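Scroll down for the structure; my scribbles are underneath it.
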Amino acid sequence: MKVAVDARPLLAKEVSGIPEYVGLLINALTKAHPEVEWLLFYSSWQQKPRQWQWLGERPNVCWYPLQCPNKLINATAWLIDQPKLDKYCPADIWLLPHFNFTPLSGTTPAVLTIHDLSFLRQPEFFSWRRRFWHASLHLNRLANKVNKIVAISESTRRDIINLLGVPENKVTVIYSAVGRQFQPLASDNQQVVDCRHKYNLPSRFILSLATCEPRKNLVSLIEAYNIFRQRRPSFDCPLIIVGGHGWRQGLARKAWQESPYREAIVWLGYLPADDLPALCNLASVVVYPSFYEGFGLPVLEAMACGRPVITSAVTALPEVGDGAAILIDPVDVNALARSIEQILLNEELAKELSHNGLEWAQQFSWEKIAQEYWQILTA
């Protein structure tokens, strides 16, 4: 059996989000099924998925490049629906682990993964360029052309059915997972010691893992931090914000500049993926008050490290938290401030959340994901 996988997301420079999901999914599937020939398709003029090249070392895996700039593929796909990728890279079935400009003939079975439809649910959180790009994809056509769709949460499944007009029996939920590196680490673990020294981290801090963009709701987080510090002026616990630059990041930066506690709010920017497990282990609490998520991987990463979590009671986040995190209304900054205060000052509550979160996170695994994908691919 031959399975072709659209591996173009692996060309991304940053190993996080969807590129990381695609890489870990391919790793799990190819490891679980060595009897299958896996063709990893990507298109680029010169670039290669260097951080994932090791996947091609497996005898059942073959990189299948199309030496053509991605922008040209996108343009021809948009204008004339060519080239038919399943004809260029013949296989028994195609797996599309993220939507893209993907011209298909319709004769080869295909499975599509949709991570979220935030650009349809909340377009105000996207620049006009991103809205135009998403509109150009004609995702509704692709969703109705493929044989099966995987949603990474029940919330995303409902959005797919309601917003794309896809029949309910065509969409299956397969929850995401985190890598094995996200696990509890001892305080004297060398990774933890090195991370604390590298970023000059204090003994306790509040951690935010999010791209600096309006959808991640960093403005509310900073406002909640201000309220918390006003209530507990002598309680020394800085807010550490980790994540890359995003669209309209100036809104969060402005909130930081206007904060009377801005010296206690530290922006570390985008960090190497290898540092994140140790960073999560060092945090006193991880706060993720996003307005919309298709899943909410930082929540699961923090719980897998045994850290208490505060997140939003909207979209997919209650599915990920599931009683193991404190859920708040993302626009209620007072509730967020109270939740931060409760965890930092109530050691028993923090321990309970840490224990419950760790147990819950262990329910998610890439081995289970590979098994569930395989059932769909061979149905």
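Letters A, B, ... go to the chains of the structure tokens in the order shown; residues in each chain start at 1; ligands are counted from 1 in the same order.
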
Who sits within 9 Å of Ser176 (chain A), only C-alpha atoms, same chain under 2 positions skipped, as a PyMOL selection string: chain A and resi 21+152-153+174+178+295+297+364-366+369

Polymer residues at most 12 Å from Gln47 (chain A), only C-alpha atoms, same-chain spacing of 2 or more positions, as number ranges by chain: A: 8, 10-13, 42-45, 49-51, 53, 65-70

Generate a file of the selected residues that holds C-alpha atoms, formatted as a PDB file, in the first residue's frame.
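To be explicit, this is the file written out as result.pdb:
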```
ATOM      1  CA  ARG A   8       4.592  20.988   2.740  1.00  0.00           C
ATOM      2  CA  LEU A  10       7.357  20.825   7.256  1.00  0.00           C
ATOM      3  CA  LEU A  11       9.114  23.517   5.210  1.00  0.00           C
ATOM      4  CA  ALA A  12       8.293  26.051   7.948  1.00  0.00           C
ATOM      5  CA  LYS A  13      11.273  27.491   9.795  1.00  0.00           C
ATOM      6  CA  TYR A  42       6.577  18.798  -0.828  1.00  0.00           C
ATOM      7  CA  SER A  43       7.155  21.537  -3.379  1.00  0.00           C
ATOM      8  CA  SER A  44       9.998  24.033  -3.304  1.00  0.00           C
ATOM      9  CA  TRP A  45      12.596  25.491  -5.623  1.00  0.00           C
ATOM     10  CA  PRO A  49      12.319  20.239   5.213  1.00  0.00           C
ATOM     11  CA  ARG A  50      15.706  20.073   6.942  1.00  0.00           C
ATOM     12  CA  GLN A  51      14.475  19.708  10.507  1.00  0.00           C
ATOM     13  CA  GLN A  53      14.948  15.063   7.013  1.00  0.00           C
ATOM     14  CA  PRO A  65       9.707  16.681  -4.048  1.00  0.00           C
ATOM     15  CA  LEU A  66       8.283  18.823  -6.827  1.00  0.00           C
ATOM     16  CA  GLN A  67      11.052  21.274  -7.719  1.00  0.00           C
ATOM     17  CA  CYS A  68       8.832  24.287  -8.156  1.00  0.00           C
ATOM     18  CA  PRO A  69       8.300  27.369  -5.976  1.00  0.00           C
ATOM     19  CA  ASN A  70       5.327  27.038  -3.654  1.00  0.00           C
TER      20      ASN A  70
END
```

Nearby residues (only C-alpha atoms) at most 12 Å from region 2-4 of chain A, same-chain spacing under 2 positions excluded, as number ranges by chain: A: 6-8, 26, 29-30, 33-42, 60-65, 85-97, 108-111, 374, 377-378

Hey, which bits of region 284-341 of chain A sit within 10 Å of region 197-211 of chain A, and for each residue what's the closest pair of atoms and how far apart in Å (one decimal), counting only C-alpha atoms, rows by chain and increasing number, as CSV?
```
residue,atom,partner,partner_atom,distance
A:Ser284,CA,A:Phe205,CA,5.5
A:Val285,CA,A:Ile206,CA,5.3
A:Val286,CA,A:Leu207,CA,4.7
A:Val287,CA,A:Ser208,CA,5.4
A:Tyr288,CA,A:Ser208,CA,6.3
A:Pro289,CA,A:Ser208,CA,9.1
A:Ser290,CA,A:Ala210,CA,8.6
A:Leu297,CA,A:Leu209,CA,9.8
A:Pro298,CA,A:Leu209,CA,6.4
A:Val299,CA,A:Leu209,CA,8.9
A:Glu301,CA,A:Leu209,CA,9.9
A:Ala302,CA,A:Leu209,CA,9.4
A:Val309,CA,A:Leu207,CA,9.6
A:Ile340,CA,A:Ile206,CA,8.3
```

Residue with smallest distance to Asn356 (chain A) - pool A:Gly306, A:Ser155, A:Arg262, A:Glu372, counting only C-alpha atoms: A:Gly306

Å distance separating CA of Asp159 (chain A) from CA of Pro308 (chain A), one decimal place: 28.9 Å

Residues near Gln82 (chain A), cut-off 9 Å, only C-alpha atoms, skip fewer than 6 positions along chain, as a VMD selection string: chain A and resid 73 76 102 to 104

d(CA of Leu24 (chain A), CA of Tyr373 (chain A)) in Å: 12.8 Å

Residue contacts of Leu268 (chain A) (8 Å, only C-alpha atoms) excluding same-chain residues fewer than 6 positions away, as JSON, numbers by chain: {"A": [240, 241, 242, 243]}

Residues from last step as file, N, CA and C atoms, as a PDB file, in the first residue's frame:
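Written out: again22.pdb:
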```pdb
ATOM      1  N   ILE A 240       5.830  36.198  32.468  1.00  0.00           N
ATOM      2  CA  ILE A 240       6.755  35.910  31.372  1.00  0.00           C
ATOM      3  C   ILE A 240       5.936  35.553  30.136  1.00  0.00           C
ATOM      4  N   ILE A 241       6.112  36.299  29.052  1.00  0.00           N
ATOM      5  CA  ILE A 241       5.360  36.070  27.822  1.00  0.00           C
ATOM      6  C   ILE A 241       6.298  35.507  26.760  1.00  0.00           C
ATOM      7  N   VAL A 242       5.948  34.316  26.266  1.00  0.00           N
ATOM      8  CA  VAL A 242       6.767  33.617  25.269  1.00  0.00           C
ATOM      9  C   VAL A 242       5.946  33.389  24.015  1.00  0.00           C
ATOM     10  N   GLY A 243       6.481  33.779  22.868  1.00  0.00           N
ATOM     11  CA  GLY A 243       5.783  33.565  21.600  1.00  0.00           C
ATOM     12  C   GLY A 243       6.275  34.523  20.540  1.00  0.00           C
TER      13      GLY A 243
END
```

Filtered DSSP result for region 221-307 of chain A, state strand (DSSP E or B), as a ChimeraX atom specification: /A:239-242,245,265-269,285-288

Let me see the file: selected residues, N, CA and C atoms, as a JSON list (two decimals), in the first residue's frame.
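Contents of part-v4.json, as written:
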```json
[["chain", "number", "residue", "atom", "x", "y", "z"],
["A", 239, "LEU", "N", 5.32, 38.21, 35.17],
["A", 239, "LEU", "CA", 4.61, 37.59, 34.05],
["A", 239, "LEU", "C", 5.60, 37.43, 32.90],
["A", 240, "ILE", "N", 5.83, 36.20, 32.47],
["A", 240, "ILE", "CA", 6.75, 35.91, 31.37],
["A", 240, "ILE", "C", 5.94, 35.55, 30.14],
["A", 241, "ILE", "N", 6.11, 36.30, 29.05],
["A", 241, "ILE", "CA", 5.36, 36.07, 27.82],
["A", 241, "ILE", "C", 6.30, 35.51, 26.76],
["A", 242, "VAL", "N", 5.95, 34.32, 26.27],
["A", 242, "VAL", "CA", 6.77, 33.62, 25.27],
["A", 242, "VAL", "C", 5.95, 33.39, 24.01],
["A", 245, "HIS", "N", 6.18, 37.08, 17.09],
["A", 245, "HIS", "CA", 5.45, 38.29, 16.74],
["A", 245, "HIS", "C", 4.29, 37.94, 15.81],
["A", 265, "ILE", "N", 6.83, 42.55, 33.70],
["A", 265, "ILE", "CA", 6.30, 41.81, 32.55],
["A", 265, "ILE", "C", 7.44, 41.65, 31.55],
["A", 266, "VAL", "N", 7.84, 40.42, 31.32],
["A", 266, "VAL", "CA", 9.03, 40.14, 30.52],
["A", 266, "VAL", "C", 8.63, 39.45, 29.21],
["A", 267, "TRP", "N", 9.08, 40.02, 28.09],
["A", 267, "TRP", "CA", 8.82, 39.44, 26.76],
["A", 267, "TRP", "C", 10.07, 38.68, 26.32],
["A", 268, "LEU", "N", 9.95, 37.39, 26.18],
["A", 268, "LEU", "CA", 11.09, 36.59, 25.73],
["A", 268, "LEU", "C", 11.04, 36.31, 24.23],
["A", 269, "GLY", "N", 9.88, 36.58, 23.59],
["A", 269, "GLY", "CA", 9.76, 36.34, 22.16],
["A", 269, "GLY", "C", 9.68, 34.86, 21.83],
["A", 285, "VAL", "N", 2.35, 28.85, 37.18],
["A", 285, "VAL", "CA", 1.05, 28.66, 36.56],
["A", 285, "VAL", "C", 1.18, 29.08, 35.09],
["A", 286, "VAL", "N", 0.47, 28.37, 34.22],
["A", 286, "VAL", "CA", 0.44, 28.71, 32.79],
["A", 286, "VAL", "C", -0.95, 29.26, 32.48],
["A", 287, "VAL", "N", -0.99, 30.43, 31.86],
["A", 287, "VAL", "CA", -2.26, 31.11, 31.58],
["A", 287, "VAL", "C", -2.43, 31.24, 30.07],
["A", 288, "TYR", "N", -3.61, 30.81, 29.58],
["A", 288, "TYR", "CA", -3.87, 30.78, 28.13],
["A", 288, "TYR", "C", -5.31, 31.23, 27.87]]
```

Those in region 117-331 of chain A with alpha helix (DSSP H) from DSSP, as a PyMOL selection string: chain A and resi 118-121+128-136+139-145+154-164+190-198+218-231+250-258+276-282+297-304+317-321

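In this structure, CA of Val173 (chain A) sits 12.5 Å away from CA of Lys368 (chain A).
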